[in-house]
Amino acid sequence: MVSKSDVVLIVDGVEQDLRLSFSVLARFPRQNLRATDELGKESLFEGVLVAEILKAAGVKFGKELRGKRLADYLLVETADGYRVVFALPEFDPSFKQSLVLLADSRDGGPLAESDGQLRLIIPSEKRYARWVRHLVALHVEHA
């Protein structure tokens with residue numbers, strides 16, 4: 001059981017709500033991604049694909065993501081209340097080849113204080129508005 005003080009990410013609105021600590025996140029398959037941030041600095045980010053976290057919470061991808069499920073979306077929330085939306089197919093490799101990484105490391109060390117403990121990295125996007133910093137929650141909702 002994860003104590004409330006250890007929780008760094010909440011995932012809800014799914015079959016199995018999750019309260020994840022860094023030790024639990026470390027058990028997920030890790031991914032490295034080289035990407036250039038909004039300041040033009042290229043870095044090697046490490047973390048967990050958002051799709052892997054959503055699968056662990058019970059989100060269905062592949063052939064099961066169809067019909068009414070295509071109106072489901074992910075609302076990403078940060079510590080200061082900033083929120084962004086993603087359609088679930090944006091995380092499904094059967095729909096898109098792009099990766100969305102929940103990063104907790106940059107260039108072999110922790111993220112900068114300005115990034116918070118968790119940050120989204122989306123190298124396929126031209127703008128950085130959804131590369132949210134200080135990420136605290138993933139809410140699966142239905143339109």
# chains A, B, ... in the order shown; residues from 1 in each chain; ligands from 1

call {"tool": "select_by_dssp", "arguments": {"residues": "chain A", "states": "helix (DSSP H, G or I)", "output": "PyMOL selection string"}}
result
chain A and resi 4-6+22-25+50-56+62-64+67-71+88-91+113-115

call {"tool": "write_last_selection", "arguments": {"atoms": "N, CA, C and O atoms", "output": "short mmCIF file (atom, residue, chain, number, x, y, z; two decimals), in the first residue's frame"}}
result
data_model
loop_
_atom_site.label_atom_id
_atom_site.label_comp_id
_atom_site.auth_asym_id
_atom_site.auth_seq_id
_atom_site.Cartn_x
_atom_site.Cartn_y
_atom_site.Cartn_z
N LYS A 4 -0.19 8.12 1.62
CA LYS A 4 -0.59 9.35 0.94
C LYS A 4 0.58 10.28 0.68
O LYS A 4 0.67 10.94 -0.34
N SER A 5 1.53 10.34 1.62
CA SER A 5 2.67 11.25 1.46
C SER A 5 3.63 10.81 0.36
O SER A 5 4.40 11.61 -0.14
N ASP A 6 3.58 9.53 -0.02
CA ASP A 6 4.47 9.02 -1.06
C ASP A 6 3.88 9.16 -2.47
O ASP A 6 4.58 8.94 -3.44
N PHE A 22 7.04 6.92 -6.55
CA PHE A 22 8.19 6.71 -7.42
C PHE A 22 8.62 5.25 -7.43
O PHE A 22 9.01 4.72 -8.46
N SER A 23 8.52 4.57 -6.29
CA SER A 23 8.93 3.16 -6.26
C SER A 23 8.00 2.29 -7.11
O SER A 23 8.44 1.36 -7.76
N VAL A 24 6.72 2.62 -7.15
CA VAL A 24 5.78 1.88 -8.00
C VAL A 24 6.04 2.23 -9.47
O VAL A 24 6.07 1.34 -10.32
N LEU A 25 6.23 3.51 -9.77
CA LEU A 25 6.52 3.90 -11.16
C LEU A 25 7.79 3.22 -11.68
O LEU A 25 7.88 2.89 -12.86
N VAL A 50 2.92 6.99 -20.96
CA VAL A 50 1.60 7.20 -20.37
C VAL A 50 0.69 6.01 -20.71
O VAL A 50 -0.10 5.57 -19.87
N ALA A 51 0.83 5.45 -21.89
CA ALA A 51 0.01 4.30 -22.28
C ALA A 51 0.17 3.14 -21.31
O ALA A 51 -0.80 2.45 -21.00
N GLU A 52 1.38 2.91 -20.81
CA GLU A 52 1.62 1.80 -19.88
C GLU A 52 0.89 2.04 -18.56
O GLU A 52 0.34 1.11 -17.96
N ILE A 53 0.88 3.27 -18.10
CA ILE A 53 0.18 3.61 -16.86
C ILE A 53 -1.33 3.44 -17.06
O ILE A 53 -2.02 2.87 -16.22
N LEU A 54 -1.83 3.92 -18.20
CA LEU A 54 -3.26 3.79 -18.47
C LEU A 54 -3.68 2.33 -18.60
O LEU A 54 -4.74 1.93 -18.10
N LYS A 55 -2.85 1.51 -19.23
CA LYS A 55 -3.15 0.07 -19.32
C LYS A 55 -3.23 -0.56 -17.94
O LYS A 55 -4.11 -1.37 -17.66
N ALA A 56 -2.31 -0.21 -17.05
CA ALA A 56 -2.30 -0.75 -15.69
C ALA A 56 -3.58 -0.36 -14.93
O ALA A 56 -4.02 -1.09 -14.05
N GLY A 62 -5.91 -0.83 -28.62
CA GLY A 62 -5.97 -1.79 -29.72
C GLY A 62 -7.40 -1.95 -30.22
O GLY A 62 -8.17 -0.99 -30.27
N LYS A 63 -7.78 -3.17 -30.53
CA LYS A 63 -9.11 -3.44 -31.09
C LYS A 63 -10.24 -3.11 -30.11
O LYS A 63 -11.37 -2.92 -30.53
N GLU A 64 -9.93 -3.04 -28.83
CA GLU A 64 -10.96 -2.74 -27.84
C GLU A 64 -11.25 -1.24 -27.71
O GLU A 64 -12.23 -0.86 -27.09
N GLY A 67 -15.90 2.40 -30.92
CA GLY A 67 -17.26 2.76 -30.54
C GLY A 67 -17.31 3.86 -29.50
O GLY A 67 -16.61 4.88 -29.61
N LYS A 68 -18.12 3.65 -28.45
CA LYS A 68 -18.29 4.65 -27.40
C LYS A 68 -16.98 4.98 -26.69
O LYS A 68 -16.81 6.08 -26.18
N ARG A 69 -16.05 4.04 -26.66
CA ARG A 69 -14.76 4.26 -25.98
C ARG A 69 -13.94 5.36 -26.68
O ARG A 69 -13.06 5.95 -26.09
N LEU A 70 -14.23 5.63 -27.94
CA LEU A 70 -13.50 6.67 -28.67
C LEU A 70 -13.87 8.07 -28.20
O LEU A 70 -13.21 9.04 -28.57
N ALA A 71 -14.90 8.19 -27.38
CA ALA A 71 -15.26 9.48 -26.79
C ALA A 71 -14.59 9.67 -25.42
O ALA A 71 -14.79 10.69 -24.78
N LEU A 88 -7.89 9.53 -26.08
CA LEU A 88 -7.19 8.28 -25.76
C LEU A 88 -6.45 7.67 -26.95
O LEU A 88 -5.36 7.12 -26.76
N PRO A 89 -6.97 7.77 -28.20
CA PRO A 89 -6.20 7.21 -29.31
C PRO A 89 -4.80 7.82 -29.49
O PRO A 89 -3.94 7.22 -30.11
N GLU A 90 -4.55 9.00 -28.90
CA GLU A 90 -3.21 9.60 -28.99
C GLU A 90 -2.16 8.76 -28.28
O GLU A 90 -0.97 8.92 -28.53
N PHE A 91 -2.57 7.86 -27.40
CA PHE A 91 -1.64 7.01 -26.66
C PHE A 91 -1.57 5.60 -27.21
O PHE A 91 -0.74 4.81 -26.78
N GLU A 113 13.95 21.62 -10.81
CA GLU A 113 12.89 22.05 -9.90
C GLU A 113 11.75 22.74 -10.66
O GLU A 113 10.58 22.58 -10.33
N SER A 114 12.08 23.47 -11.71
CA SER A 114 11.05 24.15 -12.51
C SER A 114 10.14 23.18 -13.26
O SER A 114 9.03 23.54 -13.65
N ASP A 115 10.60 21.94 -13.46
CA ASP A 115 9.78 20.91 -14.12
C ASP A 115 8.93 20.13 -13.14
O ASP A 115 7.99 19.45 -13.55
#

call {"tool": "closest_residue", "arguments": {"among": "A:Pro123, A:Gly58, A:Gly47, A:Pro29", "to": "A:Val14", "atoms": "only C-alpha atoms"}}
result
A:Gly58

call {"tool": "select_by_dssp", "arguments": {"residues": "chain A", "states": "strand (DSSP E)", "output": "ChimeraX atom specification"}}
result
/A:9-12,18-20,31-36,42-49,72-78,83-87,101-106,109-110,119-121,135-142

call {"tool": "atom_distance", "arguments": {"atom1": "atom CA of A:Leu9", "atom2": "atom CA of A:Thr78"}}
result
9.9 Å

call {"tool": "atom_distance", "arguments": {"atom1": "atom CA of A:Val100", "atom2": "atom CA of A:Leu44"}}
result
14.0 Å

call {"tool": "decode", "arguments": {"residues": "stretch 116-135 of chain A", "atoms": "C-alpha atoms", "output": "mmCIF file, in the first residue's frame"}}
result
data_model
loop_
_atom_site.group_PDB
_atom_site.id
_atom_site.type_symbol
_atom_site.label_atom_id
_atom_site.label_comp_id
_atom_site.auth_asym_id
_atom_site.auth_seq_id
_atom_site.Cartn_x
_atom_site.Cartn_y
_atom_site.Cartn_z
ATOM 1 C CA GLY A 116 8.563 19.357 -10.869
ATOM 2 C CA GLN A 117 8.807 15.654 -10.125
ATOM 3 C CA LEU A 118 6.951 14.574 -13.276
ATOM 4 C CA ARG A 119 6.678 16.118 -16.730
ATOM 5 C CA LEU A 120 5.107 15.062 -20.026
ATOM 6 C CA ILE A 121 7.419 14.834 -23.026
ATOM 7 C CA ILE A 122 5.774 14.737 -26.455
ATOM 8 C CA PRO A 123 8.466 15.017 -29.161
ATOM 9 C CA SER A 124 5.962 14.862 -32.042
ATOM 10 C CA GLU A 125 4.275 18.142 -31.045
ATOM 11 C CA LYS A 126 5.444 21.426 -32.578
ATOM 12 C CA ARG A 127 4.221 23.496 -29.633
ATOM 13 C CA TYR A 128 4.986 22.794 -25.996
ATOM 14 C CA ALA A 129 1.634 23.694 -24.410
ATOM 15 C CA ARG A 130 0.916 20.056 -23.517
ATOM 16 C CA TRP A 131 4.451 19.276 -22.254
ATOM 17 C CA VAL A 132 3.054 19.896 -18.789
ATOM 18 C CA ARG A 133 5.298 20.281 -15.747
ATOM 19 C CA HIS A 134 4.504 19.448 -12.130
ATOM 20 C CA LEU A 135 2.078 16.753 -13.300
#
